[in-house]
>>> print(open('final00.cif').read())   # mmCIF, N, CA, C and O atoms
data_protein
loop_
_atom_site.label_atom_id
_atom_site.label_comp_id
_atom_site.auth_asym_id
_atom_site.auth_seq_id
_atom_site.Cartn_x
_atom_site.Cartn_y
_atom_site.Cartn_z
N ASP O 1 -10.93 10.04 -7.20
CA ASP O 1 -12.12 9.22 -7.20
C ASP O 1 -12.11 8.18 -6.09
O ASP O 1 -12.91 7.27 -6.08
N GLY O 2 -11.17 8.30 -5.16
CA GLY O 2 -11.15 7.41 -4.02
C GLY O 2 -10.41 6.11 -4.22
O GLY O 2 -10.54 5.19 -3.42
N VAL O 3 -9.63 5.99 -5.30
CA VAL O 3 -8.86 4.77 -5.55
C VAL O 3 -7.38 5.14 -5.64
O VAL O 3 -6.99 6.03 -6.40
N ILE O 4 -6.58 4.44 -4.86
CA ILE O 4 -5.13 4.62 -4.90
C ILE O 4 -4.53 3.28 -5.30
O ILE O 4 -4.74 2.28 -4.61
N LYS O 5 -3.82 3.23 -6.42
CA LYS O 5 -3.18 2.00 -6.88
C LYS O 5 -1.67 2.12 -6.70
O LYS O 5 -1.06 3.08 -7.16
N ILE O 6 -1.12 1.12 -6.03
CA ILE O 6 0.31 1.05 -5.82
C ILE O 6 0.74 -0.32 -6.32
O ILE O 6 0.41 -1.34 -5.72
N LYS O 7 1.46 -0.34 -7.42
CA LYS O 7 1.80 -1.63 -8.00
C LYS O 7 3.13 -1.57 -8.74
O LYS O 7 3.64 -0.49 -9.01
N GLY O 8 3.66 -2.74 -9.01
CA GLY O 8 4.90 -2.82 -9.77
C GLY O 8 5.95 -3.61 -9.02
O GLY O 8 5.67 -4.60 -8.36
N ARG O 9 7.18 -3.10 -9.12
CA ARG O 9 8.32 -3.73 -8.46
C ARG O 9 8.94 -2.71 -7.52
O ARG O 9 9.43 -1.68 -7.97
N GLY O 10 8.94 -2.99 -6.25
CA GLY O 10 9.50 -2.10 -5.24
C GLY O 10 10.99 -2.34 -5.11
O GLY O 10 11.42 -3.14 -4.28
N LEU O 11 11.77 -1.64 -5.93
CA LEU O 11 13.21 -1.87 -5.99
C LEU O 11 14.05 -0.72 -5.48
O LEU O 11 15.25 -0.68 -5.73
N PHE O 12 13.45 0.24 -4.79
CA PHE O 12 14.25 1.36 -4.30
C PHE O 12 15.38 0.83 -3.43
O PHE O 12 15.16 0.02 -2.54
N SER O 13 16.60 1.28 -3.70
CA SER O 13 17.73 0.84 -2.89
C SER O 13 18.27 1.97 -2.02
O SER O 13 19.10 1.76 -1.18
N HIS O 14 17.79 3.17 -2.27
CA HIS O 14 18.20 4.32 -1.47
C HIS O 14 17.14 5.40 -1.63
O HIS O 14 16.24 5.28 -2.46
N LYS O 15 17.27 6.43 -0.87
CA LYS O 15 16.27 7.50 -0.94
C LYS O 15 16.30 8.17 -2.31
O LYS O 15 17.35 8.55 -2.80
N THR O 16 15.14 8.32 -2.88
CA THR O 16 14.99 9.04 -4.14
C THR O 16 13.88 10.06 -3.94
O THR O 16 13.22 10.08 -2.90
N LYS O 17 13.64 10.87 -4.92
CA LYS O 17 12.60 11.88 -4.82
C LYS O 17 11.20 11.31 -4.99
O LYS O 17 10.24 11.90 -4.55
N LEU O 18 11.09 10.15 -5.63
CA LEU O 18 9.77 9.58 -5.91
C LEU O 18 8.95 9.31 -4.64
O LEU O 18 7.79 9.74 -4.57
N PRO O 19 9.48 8.63 -3.61
CA PRO O 19 8.66 8.43 -2.42
C PRO O 19 8.19 9.75 -1.80
O PRO O 19 7.05 9.85 -1.35
N ALA O 20 9.05 10.76 -1.79
CA ALA O 20 8.66 12.06 -1.24
C ALA O 20 7.52 12.67 -2.05
O ALA O 20 6.59 13.25 -1.48
N LYS O 21 7.57 12.52 -3.37
CA LYS O 21 6.51 13.05 -4.22
C LYS O 21 5.20 12.30 -3.99
O LYS O 21 4.13 12.90 -3.95
N VAL O 22 5.30 10.98 -3.83
CA VAL O 22 4.10 10.18 -3.58
C VAL O 22 3.48 10.57 -2.24
O VAL O 22 2.26 10.76 -2.14
N LEU O 23 4.30 10.71 -1.21
CA LEU O 23 3.79 11.08 0.10
C LEU O 23 3.20 12.49 0.10
O LEU O 23 2.18 12.74 0.75
N ALA O 24 3.80 13.40 -0.66
CA ALA O 24 3.24 14.76 -0.78
C ALA O 24 1.89 14.71 -1.50
O ALA O 24 0.94 15.40 -1.10
N TRP O 25 1.79 13.91 -2.56
CA TRP O 25 0.52 13.76 -3.26
C TRP O 25 -0.53 13.20 -2.31
O TRP O 25 -1.67 13.67 -2.28
N LEU O 26 -0.15 12.20 -1.51
CA LEU O 26 -1.08 11.58 -0.58
C LEU O 26 -1.54 12.59 0.47
O LEU O 26 -2.73 12.63 0.81
N ASP O 27 -0.63 13.41 0.98
CA ASP O 27 -1.02 14.46 1.93
C ASP O 27 -2.07 15.38 1.32
O ASP O 27 -3.04 15.75 1.98
N ASN O 28 -1.87 15.73 0.07
CA ASN O 28 -2.83 16.58 -0.63
C ASN O 28 -4.19 15.89 -0.75
O ASN O 28 -5.24 16.49 -0.50
N TYR O 29 -4.19 14.61 -1.13
CA TYR O 29 -5.43 13.85 -1.24
C TYR O 29 -6.15 13.78 0.10
O TYR O 29 -7.37 13.92 0.19
N LEU O 30 -5.41 13.56 1.17
CA LEU O 30 -6.01 13.38 2.49
C LEU O 30 -6.62 14.66 3.06
O LEU O 30 -7.36 14.60 4.03
N GLU O 31 -6.33 15.80 2.45
CA GLU O 31 -6.98 17.04 2.88
C GLU O 31 -8.47 17.01 2.58
O GLU O 31 -9.27 17.59 3.31
N ASP O 32 -8.86 16.36 1.48
CA ASP O 32 -10.27 16.26 1.10
C ASP O 32 -10.52 14.89 0.46
O ASP O 32 -10.75 14.79 -0.75
N PRO O 33 -10.47 13.82 1.27
CA PRO O 33 -10.59 12.47 0.71
C PRO O 33 -12.03 12.09 0.38
O PRO O 33 -12.97 12.72 0.85
N ALA O 34 -12.16 11.04 -0.41
CA ALA O 34 -13.47 10.47 -0.70
C ALA O 34 -14.03 9.84 0.57
O ALA O 34 -13.30 9.61 1.53
N GLU O 35 -15.32 9.56 0.59
CA GLU O 35 -15.94 8.90 1.75
C GLU O 35 -15.26 7.56 2.04
O GLU O 35 -15.06 7.19 3.18
N THR O 36 -14.96 6.82 0.98
CA THR O 36 -14.24 5.55 1.10
C THR O 36 -13.06 5.57 0.14
O THR O 36 -13.23 5.90 -1.04
N THR O 37 -11.91 5.24 0.66
CA THR O 37 -10.70 5.18 -0.16
C THR O 37 -10.31 3.71 -0.31
O THR O 37 -10.11 3.01 0.69
N ASP O 38 -10.25 3.24 -1.56
CA ASP O 38 -9.78 1.89 -1.85
C ASP O 38 -8.31 1.96 -2.23
O ASP O 38 -7.95 2.67 -3.17
N VAL O 39 -7.49 1.23 -1.50
CA VAL O 39 -6.06 1.18 -1.78
C VAL O 39 -5.75 -0.19 -2.36
O VAL O 39 -5.96 -1.22 -1.70
N VAL O 40 -5.28 -0.21 -3.59
CA VAL O 40 -4.95 -1.45 -4.29
C VAL O 40 -3.43 -1.59 -4.29
O VAL O 40 -2.72 -0.70 -4.76
N VAL O 41 -2.95 -2.71 -3.75
CA VAL O 41 -1.52 -2.98 -3.67
C VAL O 41 -1.24 -4.26 -4.43
O VAL O 41 -1.86 -5.29 -4.16
N ALA O 42 -0.31 -4.19 -5.38
CA ALA O 42 0.04 -5.37 -6.18
C ALA O 42 1.52 -5.28 -6.56
O ALA O 42 1.88 -4.53 -7.47
N PHE O 43 2.35 -6.02 -5.86
CA PHE O 43 3.79 -5.98 -6.10
C PHE O 43 4.31 -7.33 -6.57
O PHE O 43 3.94 -8.37 -6.04
N GLU O 44 5.21 -7.27 -7.56
CA GLU O 44 5.95 -8.46 -7.98
C GLU O 44 7.11 -8.70 -7.04
O GLU O 44 7.51 -9.84 -6.81
N TYR O 45 7.67 -7.61 -6.52
CA TYR O 45 8.82 -7.68 -5.62
C TYR O 45 8.74 -6.47 -4.70
O TYR O 45 8.31 -5.39 -5.11
N LEU O 46 9.19 -6.65 -3.47
CA LEU O 46 9.12 -5.56 -2.50
C LEU O 46 10.33 -5.67 -1.57
O LEU O 46 10.40 -6.58 -0.75
N ASN O 47 11.29 -4.75 -1.74
CA ASN O 47 12.47 -4.79 -0.87
C ASN O 47 12.19 -4.04 0.43
O ASN O 47 11.12 -3.47 0.63
N SER O 48 13.17 -4.01 1.33
CA SER O 48 12.94 -3.44 2.66
C SER O 48 12.70 -1.93 2.62
O SER O 48 11.85 -1.43 3.35
N PHE O 49 13.42 -1.19 1.76
CA PHE O 49 13.18 0.25 1.69
C PHE O 49 11.79 0.55 1.15
O PHE O 49 11.06 1.39 1.67
N SER O 50 11.39 -0.17 0.12
CA SER O 50 10.06 0.02 -0.45
C SER O 50 8.97 -0.37 0.56
O SER O 50 7.91 0.24 0.59
N THR O 51 9.25 -1.37 1.38
CA THR O 51 8.32 -1.74 2.44
C THR O 51 8.14 -0.60 3.43
O THR O 51 7.03 -0.31 3.87
N ARG O 52 9.23 0.08 3.77
CA ARG O 52 9.14 1.23 4.69
C ARG O 52 8.31 2.35 4.06
O ARG O 52 7.51 3.00 4.75
N VAL O 53 8.51 2.60 2.77
CA VAL O 53 7.72 3.62 2.09
C VAL O 53 6.24 3.23 2.11
O VAL O 53 5.37 4.06 2.41
N LEU O 54 5.95 1.99 1.81
CA LEU O 54 4.58 1.51 1.81
C LEU O 54 3.96 1.62 3.20
O LEU O 54 2.80 2.02 3.35
N THR O 55 4.73 1.32 4.22
CA THR O 55 4.25 1.46 5.60
C THR O 55 3.91 2.92 5.90
O THR O 55 2.89 3.22 6.53
N SER O 56 4.73 3.85 5.43
CA SER O 56 4.45 5.28 5.62
C SER O 56 3.15 5.67 4.93
O SER O 56 2.36 6.45 5.47
N ILE O 57 2.92 5.12 3.75
CA ILE O 57 1.68 5.40 3.02
C ILE O 57 0.49 4.90 3.82
O ILE O 57 -0.50 5.61 4.01
N PHE O 58 0.58 3.68 4.33
CA PHE O 58 -0.53 3.11 5.11
C PHE O 58 -0.77 3.88 6.40
O PHE O 58 -1.91 4.03 6.82
N GLN O 59 0.28 4.36 7.03
CA GLN O 59 0.10 5.17 8.24
C GLN O 59 -0.70 6.42 7.92
O GLN O 59 -1.56 6.83 8.70
N LYS O 60 -0.40 7.04 6.80
CA LYS O 60 -1.15 8.23 6.40
C LYS O 60 -2.60 7.88 6.07
O LYS O 60 -3.52 8.58 6.47
N VAL O 61 -2.81 6.78 5.35
CA VAL O 61 -4.17 6.36 4.99
C VAL O 61 -4.97 6.04 6.25
O VAL O 61 -6.16 6.35 6.33
N LYS O 62 -4.32 5.48 7.23
CA LYS O 62 -4.99 5.14 8.49
C LYS O 62 -5.58 6.39 9.16
O LYS O 62 -6.57 6.30 9.87
N SER O 63 -5.01 7.54 8.88
CA SER O 63 -5.51 8.79 9.48
C SER O 63 -6.92 9.14 8.98
O SER O 63 -7.58 10.01 9.55
N LEU O 64 -7.39 8.48 7.93
CA LEU O 64 -8.75 8.73 7.44
C LEU O 64 -9.79 8.45 8.51
O LEU O 64 -10.85 9.08 8.54
N VAL O 65 -9.49 7.51 9.39
CA VAL O 65 -10.43 7.17 10.47
C VAL O 65 -10.69 8.39 11.34
O VAL O 65 -11.82 8.61 11.79
N LEU O 66 -9.68 9.20 11.55
CA LEU O 66 -9.86 10.40 12.37
C LEU O 66 -10.79 11.41 11.70
O LEU O 66 -11.38 12.25 12.37
N LYS O 67 -10.91 11.32 10.38
CA LYS O 67 -11.80 12.21 9.64
C LYS O 67 -13.16 11.56 9.40
O LYS O 67 -13.95 12.04 8.59
N GLU O 68 -13.39 10.45 10.09
CA GLU O 68 -14.63 9.69 9.96
C GLU O 68 -14.86 9.22 8.53
O GLU O 68 -15.99 9.19 8.04
N LYS O 69 -13.79 8.87 7.86
CA LYS O 69 -13.84 8.30 6.51
C LYS O 69 -13.43 6.83 6.60
O LYS O 69 -12.89 6.38 7.60
N LYS O 70 -13.67 6.11 5.54
CA LYS O 70 -13.34 4.68 5.52
C LYS O 70 -12.22 4.42 4.51
O LYS O 70 -12.06 5.17 3.54
N PHE O 71 -11.47 3.36 4.75
CA PHE O 71 -10.49 2.91 3.78
C PHE O 71 -10.49 1.39 3.74
O PHE O 71 -10.79 0.73 4.73
N VAL O 72 -10.20 0.86 2.57
CA VAL O 72 -10.09 -0.57 2.37
C VAL O 72 -8.79 -0.82 1.61
O VAL O 72 -8.55 -0.18 0.59
N ILE O 73 -7.98 -1.72 2.14
CA ILE O 73 -6.74 -2.07 1.47
C ILE O 73 -6.89 -3.46 0.87
O ILE O 73 -7.21 -4.42 1.57
N HIS O 74 -6.68 -3.55 -0.44
CA HIS O 74 -6.74 -4.81 -1.17
C HIS O 74 -5.29 -5.17 -1.52
O HIS O 74 -4.66 -4.47 -2.32
N TRP O 75 -4.77 -6.21 -0.91
CA TRP O 75 -3.38 -6.63 -1.11
C TRP O 75 -3.38 -7.86 -2.02
O TRP O 75 -3.74 -8.95 -1.61
N TYR O 76 -2.98 -7.65 -3.28
CA TYR O 76 -2.94 -8.74 -4.25
C TYR O 76 -1.57 -9.41 -4.22
O TYR O 76 -0.55 -8.74 -4.11
N TYR O 77 -1.60 -10.73 -4.32
CA TYR O 77 -0.35 -11.48 -4.38
C TYR O 77 -0.59 -12.79 -5.13
O TYR O 77 -1.71 -13.29 -5.20
N GLU O 78 0.48 -13.30 -5.72
CA GLU O 78 0.39 -14.56 -6.44
C GLU O 78 0.45 -15.71 -5.43
O GLU O 78 1.14 -15.62 -4.41
N SER O 79 -0.24 -16.80 -5.73
CA SER O 79 -0.37 -17.90 -4.78
C SER O 79 0.96 -18.49 -4.34
O SER O 79 1.08 -18.97 -3.21
N ASP O 80 1.97 -18.42 -5.18
CA ASP O 80 3.27 -18.99 -4.82
C ASP O 80 4.24 -17.95 -4.25
O ASP O 80 5.42 -18.25 -4.03
N ASP O 81 3.77 -16.75 -3.97
CA ASP O 81 4.65 -15.68 -3.47
C ASP O 81 4.38 -15.43 -1.98
O ASP O 81 3.72 -14.47 -1.59
N GLU O 82 4.92 -16.32 -1.15
CA GLU O 82 4.71 -16.22 0.29
C GLU O 82 5.36 -14.97 0.87
O GLU O 82 4.87 -14.42 1.86
N ASP O 83 6.47 -14.53 0.29
CA ASP O 83 7.18 -13.36 0.82
C ASP O 83 6.29 -12.11 0.76
O ASP O 83 6.18 -11.38 1.74
N ILE O 84 5.67 -11.86 -0.39
CA ILE O 84 4.80 -10.69 -0.53
C ILE O 84 3.61 -10.81 0.42
O ILE O 84 3.23 -9.83 1.09
N PHE O 85 3.02 -12.00 0.51
CA PHE O 85 1.91 -12.20 1.43
C PHE O 85 2.33 -11.93 2.88
O PHE O 85 1.64 -11.22 3.61
N GLU O 86 3.47 -12.48 3.29
CA GLU O 86 3.94 -12.30 4.67
C GLU O 86 4.27 -10.84 4.97
O GLU O 86 4.03 -10.37 6.08
N ARG O 87 4.81 -10.11 4.00
CA ARG O 87 5.07 -8.68 4.22
C ARG O 87 3.76 -7.93 4.46
O ARG O 87 3.67 -7.06 5.30
N GLY O 88 2.75 -8.28 3.69
CA GLY O 88 1.44 -7.66 3.88
C GLY O 88 0.86 -7.98 5.25
O GLY O 88 0.32 -7.09 5.92
N GLU O 89 0.97 -9.23 5.67
CA GLU O 89 0.49 -9.60 7.00
C GLU O 89 1.23 -8.85 8.09
O GLU O 89 0.63 -8.39 9.06
N TYR O 90 2.54 -8.74 7.94
CA TYR O 90 3.36 -8.05 8.93
C TYR O 90 2.96 -6.57 9.04
O TYR O 90 2.76 -6.05 10.14
N ILE O 91 2.83 -5.91 7.89
CA ILE O 91 2.44 -4.49 7.89
C ILE O 91 1.06 -4.32 8.52
O ILE O 91 0.84 -3.44 9.35
N ALA O 92 0.12 -5.17 8.14
CA ALA O 92 -1.25 -5.08 8.67
C ALA O 92 -1.26 -5.25 10.18
O ALA O 92 -1.94 -4.50 10.89
N SER O 93 -0.50 -6.22 10.69
CA SER O 93 -0.51 -6.44 12.13
C SER O 93 0.26 -5.35 12.88
O SER O 93 -0.16 -4.93 13.96
N THR O 94 1.34 -4.87 12.31
CA THR O 94 2.13 -3.82 12.95
C THR O 94 1.34 -2.52 13.07
O THR O 94 1.36 -1.85 14.10
N LEU O 95 0.63 -2.15 12.00
CA LEU O 95 -0.14 -0.91 11.99
C LEU O 95 -1.56 -1.09 12.50
O LEU O 95 -2.30 -0.12 12.62
N ASP O 96 -1.95 -2.33 12.75
CA ASP O 96 -3.31 -2.65 13.20
C ASP O 96 -4.35 -2.08 12.23
O ASP O 96 -5.23 -1.31 12.61
N ILE O 97 -4.19 -2.48 10.97
CA ILE O 97 -5.12 -2.05 9.93
C ILE O 97 -5.71 -3.28 9.24
O ILE O 97 -5.06 -4.31 9.12
N PRO O 98 -6.95 -3.16 8.78
CA PRO O 98 -7.56 -4.29 8.06
C PRO O 98 -7.05 -4.33 6.62
O PRO O 98 -6.99 -3.31 5.94
N VAL O 99 -6.67 -5.51 6.20
CA VAL O 99 -6.22 -5.71 4.82
C VAL O 99 -6.95 -6.92 4.26
O VAL O 99 -7.03 -7.96 4.91
N GLN O 100 -7.48 -6.76 3.07
CA GLN O 100 -8.11 -7.88 2.37
C GLN O 100 -7.07 -8.48 1.43
O GLN O 100 -6.61 -7.81 0.50
N PHE O 101 -6.67 -9.71 1.70
CA PHE O 101 -5.68 -10.38 0.87
C PHE O 101 -6.39 -11.11 -0.26
O PHE O 101 -7.36 -11.83 -0.04
N VAL O 102 -5.88 -10.90 -1.48
CA VAL O 102 -6.51 -11.46 -2.67
C VAL O 102 -5.46 -12.24 -3.45
O VAL O 102 -4.46 -11.67 -3.90
N VAL O 103 -5.68 -13.53 -3.61
CA VAL O 103 -4.77 -14.39 -4.36
C VAL O 103 -5.16 -14.33 -5.84
O VAL O 103 -6.33 -14.47 -6.19
N ILE O 104 -4.15 -14.09 -6.69
CA ILE O 104 -4.39 -14.10 -8.13
C ILE O 104 -3.29 -14.93 -8.79
O ILE O 104 -2.24 -15.17 -8.20
N SER O 105 -3.53 -15.31 -10.04
CA SER O 105 -2.54 -16.14 -10.73
C SER O 105 -1.43 -15.32 -11.38
O SER O 105 -0.32 -15.80 -11.52
N ASP O 106 -1.72 -14.07 -11.76
CA ASP O 106 -0.72 -13.25 -12.43
C ASP O 106 -0.84 -11.80 -11.96
O ASP O 106 -1.78 -11.10 -12.31
N ILE O 107 0.12 -11.37 -11.17
CA ILE O 107 0.10 -10.02 -10.57
C ILE O 107 0.13 -8.93 -11.63
O ILE O 107 -0.37 -7.82 -11.39
N SER O 108 0.66 -9.22 -12.78
CA SER O 108 0.76 -8.18 -13.82
C SER O 108 -0.59 -7.81 -14.41
O SER O 108 -0.69 -6.83 -15.15
N THR O 109 -1.64 -8.55 -14.09
CA THR O 109 -2.96 -8.25 -14.65
C THR O 109 -3.68 -7.16 -13.85
O THR O 109 -4.73 -6.69 -14.27
N ILE O 110 -3.16 -6.79 -12.73
CA ILE O 110 -3.78 -5.75 -11.89
C ILE O 110 -3.46 -4.38 -12.45
O ILE O 110 -2.40 -4.04 -12.79
#
>>> encode(input="final00.cif", output="structure tokens")
Amino acid sequence: DGVIKIKGRGLFSHKTKLPAKVLAWLDNYLEDPAETTDVVVAFEYLNSFSTRVLTSIFQKVKSLVLKEKKFVIHWYYESDDEDIFERGEYIASTLDIPVQFVVISDISTI
């Protein structure tokens, strides 16, 4: 339905099968995506490996532009969590993608 939610605690400490499964699912979705894809990101914690996985996901989502489709990334973070906010800013600037940052009081409500 054009909504991808990525949320929780990014605690991967080594390669597991889950990121590969997520990326395979995303490849399948990108074969016939919705006109607009909303990507919702809400993390309580995000380590460096999980950040790399998330960056890979965003790189794939960015390919929607080549298919003349649109995407919107909504990056939720708690007002006192500068680390999560800064990671989002870094990823957005590195990949040159638009991200809408949304401050909320409790990330678990997403």
>>> residues_around(input="final00.cif", residues="O:Tyr76", least_positions_apart="2", cutoff="4.5 Å", atoms="all atoms listed in the file", output="PyMOL selection string")
chain O and resi 41-43+74+102
>>> write_last_selection(input="final00.cif", atoms="N, CA, C and O atoms", output="short mmCIF file (atom, residue, chain, number, x, y, z; two decimals), in the frame of the given file")
data_model
loop_
_atom_site.label_atom_id
_atom_site.label_comp_id
_atom_site.auth_asym_id
_atom_site.auth_seq_id
_atom_site.Cartn_x
_atom_site.Cartn_y
_atom_site.Cartn_z
N VAL O 41 -2.95 -2.71 -3.75
CA VAL O 41 -1.52 -2.98 -3.67
C VAL O 41 -1.24 -4.26 -4.43
O VAL O 41 -1.86 -5.29 -4.16
N ALA O 42 -0.31 -4.19 -5.38
CA ALA O 42 0.04 -5.37 -6.18
C ALA O 42 1.52 -5.28 -6.56
O ALA O 42 1.88 -4.53 -7.47
N PHE O 43 2.35 -6.02 -5.86
CA PHE O 43 3.79 -5.98 -6.10
C PHE O 43 4.31 -7.33 -6.57
O PHE O 43 3.94 -8.37 -6.04
N HIS O 74 -6.68 -3.55 -0.44
CA HIS O 74 -6.74 -4.81 -1.17
C HIS O 74 -5.29 -5.17 -1.52
O HIS O 74 -4.66 -4.47 -2.32
N VAL O 102 -5.88 -10.90 -1.48
CA VAL O 102 -6.51 -11.46 -2.67
C VAL O 102 -5.46 -12.24 -3.45
O VAL O 102 -4.46 -11.67 -3.90
#
>>> select_by_dssp(input="final00.cif", residues="chain O", states="strand (DSSP E)", output="compact mmCIF listing (two decimals) with N, CA, C and O atoms, in the coordinates of the input")
# COMPACT_ATOMS: atom_id res chain seq x y z
N VAL O 3 -9.63 5.99 -5.30
CA VAL O 3 -8.86 4.77 -5.55
C VAL O 3 -7.38 5.14 -5.64
O VAL O 3 -6.99 6.03 -6.40
N ILE O 4 -6.58 4.44 -4.86
CA ILE O 4 -5.13 4.62 -4.90
C ILE O 4 -4.53 3.28 -5.30
O ILE O 4 -4.74 2.28 -4.61
N LYS O 5 -3.82 3.23 -6.42
CA LYS O 5 -3.18 2.00 -6.88
C LYS O 5 -1.67 2.12 -6.70
O LYS O 5 -1.06 3.08 -7.16
N ILE O 6 -1.12 1.12 -6.03
CA ILE O 6 0.31 1.05 -5.82
C ILE O 6 0.74 -0.32 -6.32
O ILE O 6 0.41 -1.34 -5.72
N LYS O 7 1.46 -0.34 -7.42
CA LYS O 7 1.80 -1.63 -8.00
C LYS O 7 3.13 -1.57 -8.74
O LYS O 7 3.64 -0.49 -9.01
N GLY O 8 3.66 -2.74 -9.01
CA GLY O 8 4.90 -2.82 -9.77
C GLY O 8 5.95 -3.61 -9.02
O GLY O 8 5.67 -4.60 -8.36
N ARG O 9 7.18 -3.10 -9.12
CA ARG O 9 8.32 -3.73 -8.46
C ARG O 9 8.94 -2.71 -7.52
O ARG O 9 9.43 -1.68 -7.97
N GLY O 10 8.94 -2.99 -6.25
CA GLY O 10 9.50 -2.10 -5.24
C GLY O 10 10.99 -2.34 -5.11
O GLY O 10 11.42 -3.14 -4.28
N THR O 36 -14.96 6.82 0.98
CA THR O 36 -14.24 5.55 1.10
C THR O 36 -13.06 5.57 0.14
O THR O 36 -13.23 5.90 -1.04
N THR O 37 -11.91 5.24 0.66
CA THR O 37 -10.70 5.18 -0.16
C THR O 37 -10.31 3.71 -0.31
O THR O 37 -10.11 3.01 0.69
N ASP O 38 -10.25 3.24 -1.56
CA ASP O 38 -9.78 1.89 -1.85
C ASP O 38 -8.31 1.96 -2.23
O ASP O 38 -7.95 2.67 -3.17
N VAL O 39 -7.49 1.23 -1.50
CA VAL O 39 -6.06 1.18 -1.78
C VAL O 39 -5.75 -0.19 -2.36
O VAL O 39 -5.96 -1.22 -1.70
N VAL O 40 -5.28 -0.21 -3.59
CA VAL O 40 -4.95 -1.45 -4.29
C VAL O 40 -3.43 -1.59 -4.29
O VAL O 40 -2.72 -0.70 -4.76
N VAL O 41 -2.95 -2.71 -3.75
CA VAL O 41 -1.52 -2.98 -3.67
C VAL O 41 -1.24 -4.26 -4.43
O VAL O 41 -1.86 -5.29 -4.16
N ALA O 42 -0.31 -4.19 -5.38
CA ALA O 42 0.04 -5.37 -6.18
C ALA O 42 1.52 -5.28 -6.56
O ALA O 42 1.88 -4.53 -7.47
N PHE O 43 2.35 -6.02 -5.86
CA PHE O 43 3.79 -5.98 -6.10
C PHE O 43 4.31 -7.33 -6.57
O PHE O 43 3.94 -8.37 -6.04
N GLU O 44 5.21 -7.27 -7.56
CA GLU O 44 5.95 -8.46 -7.98
C GLU O 44 7.11 -8.70 -7.04
O GLU O 44 7.51 -9.84 -6.81
N TYR O 45 7.67 -7.61 -6.52
CA TYR O 45 8.82 -7.68 -5.62
C TYR O 45 8.74 -6.47 -4.70
O TYR O 45 8.31 -5.39 -5.11
N LEU O 46 9.19 -6.65 -3.47
CA LEU O 46 9.12 -5.56 -2.50
C LEU O 46 10.33 -5.67 -1.57
O LEU O 46 10.40 -6.58 -0.75
N LYS O 70 -13.67 6.11 5.54
CA LYS O 70 -13.34 4.68 5.52
C LYS O 70 -12.22 4.42 4.51
O LYS O 70 -12.06 5.17 3.54
N PHE O 71 -11.47 3.36 4.75
CA PHE O 71 -10.49 2.91 3.78
C PHE O 71 -10.49 1.39 3.74
O PHE O 71 -10.79 0.73 4.73
N VAL O 72 -10.20 0.86 2.57
CA VAL O 72 -10.09 -0.57 2.37
C VAL O 72 -8.79 -0.82 1.61
O VAL O 72 -8.55 -0.18 0.59
N ILE O 73 -7.98 -1.72 2.14
CA ILE O 73 -6.74 -2.07 1.47
C ILE O 73 -6.89 -3.46 0.87
O ILE O 73 -7.21 -4.42 1.57
N HIS O 74 -6.68 -3.55 -0.44
CA HIS O 74 -6.74 -4.81 -1.17
C HIS O 74 -5.29 -5.17 -1.52
O HIS O 74 -4.66 -4.47 -2.32
N TRP O 75 -4.77 -6.21 -0.91
CA TRP O 75 -3.38 -6.63 -1.11
C TRP O 75 -3.38 -7.86 -2.02
O TRP O 75 -3.74 -8.95 -1.61
N TYR O 76 -2.98 -7.65 -3.28
CA TYR O 76 -2.94 -8.74 -4.25
C TYR O 76 -1.57 -9.41 -4.22
O TYR O 76 -0.55 -8.74 -4.11
N TYR O 77 -1.60 -10.73 -4.32
CA TYR O 77 -0.35 -11.48 -4.38
C TYR O 77 -0.59 -12.79 -5.13
O TYR O 77 -1.71 -13.29 -5.20
N GLU O 78 0.48 -13.30 -5.72
CA GLU O 78 0.39 -14.56 -6.44
C GLU O 78 0.45 -15.71 -5.43
O GLU O 78 1.14 -15.62 -4.41
N VAL O 99 -6.67 -5.51 6.20
CA VAL O 99 -6.22 -5.71 4.82
C VAL O 99 -6.95 -6.92 4.26
O VAL O 99 -7.03 -7.96 4.91
N GLN O 100 -7.48 -6.76 3.07
CA GLN O 100 -8.11 -7.88 2.37
C GLN O 100 -7.07 -8.48 1.43
O GLN O 100 -6.61 -7.81 0.50
N PHE O 101 -6.67 -9.71 1.70
CA PHE O 101 -5.68 -10.38 0.87
C PHE O 101 -6.39 -11.11 -0.26
O PHE O 101 -7.36 -11.83 -0.04
N VAL O 102 -5.88 -10.90 -1.48
CA VAL O 102 -6.51 -11.46 -2.67
C VAL O 102 -5.46 -12.24 -3.45
O VAL O 102 -4.46 -11.67 -3.90
N VAL O 103 -5.68 -13.53 -3.61
CA VAL O 103 -4.77 -14.39 -4.36
C VAL O 103 -5.16 -14.33 -5.84
O VAL O 103 -6.33 -14.47 -6.19
N ILE O 104 -4.15 -14.09 -6.69
CA ILE O 104 -4.39 -14.10 -8.13
C ILE O 104 -3.29 -14.93 -8.79
O ILE O 104 -2.24 -15.17 -8.20
>>> residues_near_point(input="final00.cif", point="(-7.7, -10.6, -2.9)", cutoff="12 Å", atoms="only C-alpha atoms", output="PyMOL selection string")
chain O and resi 39-42+72-79+85+88+99-105+107+110
>>> residues_around(input="final00.cif", residues="O:Glu35", least_positions_apart="4", cutoff="7 Å", atoms="only N, CA, C and O atoms", output="MDAnalysis selection string")
chainID O and resid 2 68:71
>>> write_last_selection(input="final00.cif", atoms="N, CA, C and O atoms", output="CSV table (one decimal), in the coordinates of the input")
chain,number,residue,atom,x,y,z
O,2,GLY,N,-11.2,8.3,-5.2
O,2,GLY,CA,-11.2,7.4,-4.0
O,2,GLY,C,-10.4,6.1,-4.2
O,2,GLY,O,-10.5,5.2,-3.4
O,68,GLU,N,-13.4,10.4,10.1
O,68,GLU,CA,-14.6,9.7,10.0
O,68,GLU,C,-14.9,9.2,8.5
O,68,GLU,O,-16.0,9.2,8.0
O,69,LYS,N,-13.8,8.9,7.9
O,69,LYS,CA,-13.8,8.3,6.5
O,69,LYS,C,-13.4,6.8,6.6
O,69,LYS,O,-12.9,6.4,7.6
O,70,LYS,N,-13.7,6.1,5.5
O,70,LYS,CA,-13.3,4.7,5.5
O,70,LYS,C,-12.2,4.4,4.5
O,70,LYS,O,-12.1,5.2,3.5
O,71,PHE,N,-11.5,3.4,4.8
O,71,PHE,CA,-10.5,2.9,3.8
O,71,PHE,C,-10.5,1.4,3.7
O,71,PHE,O,-10.8,0.7,4.7
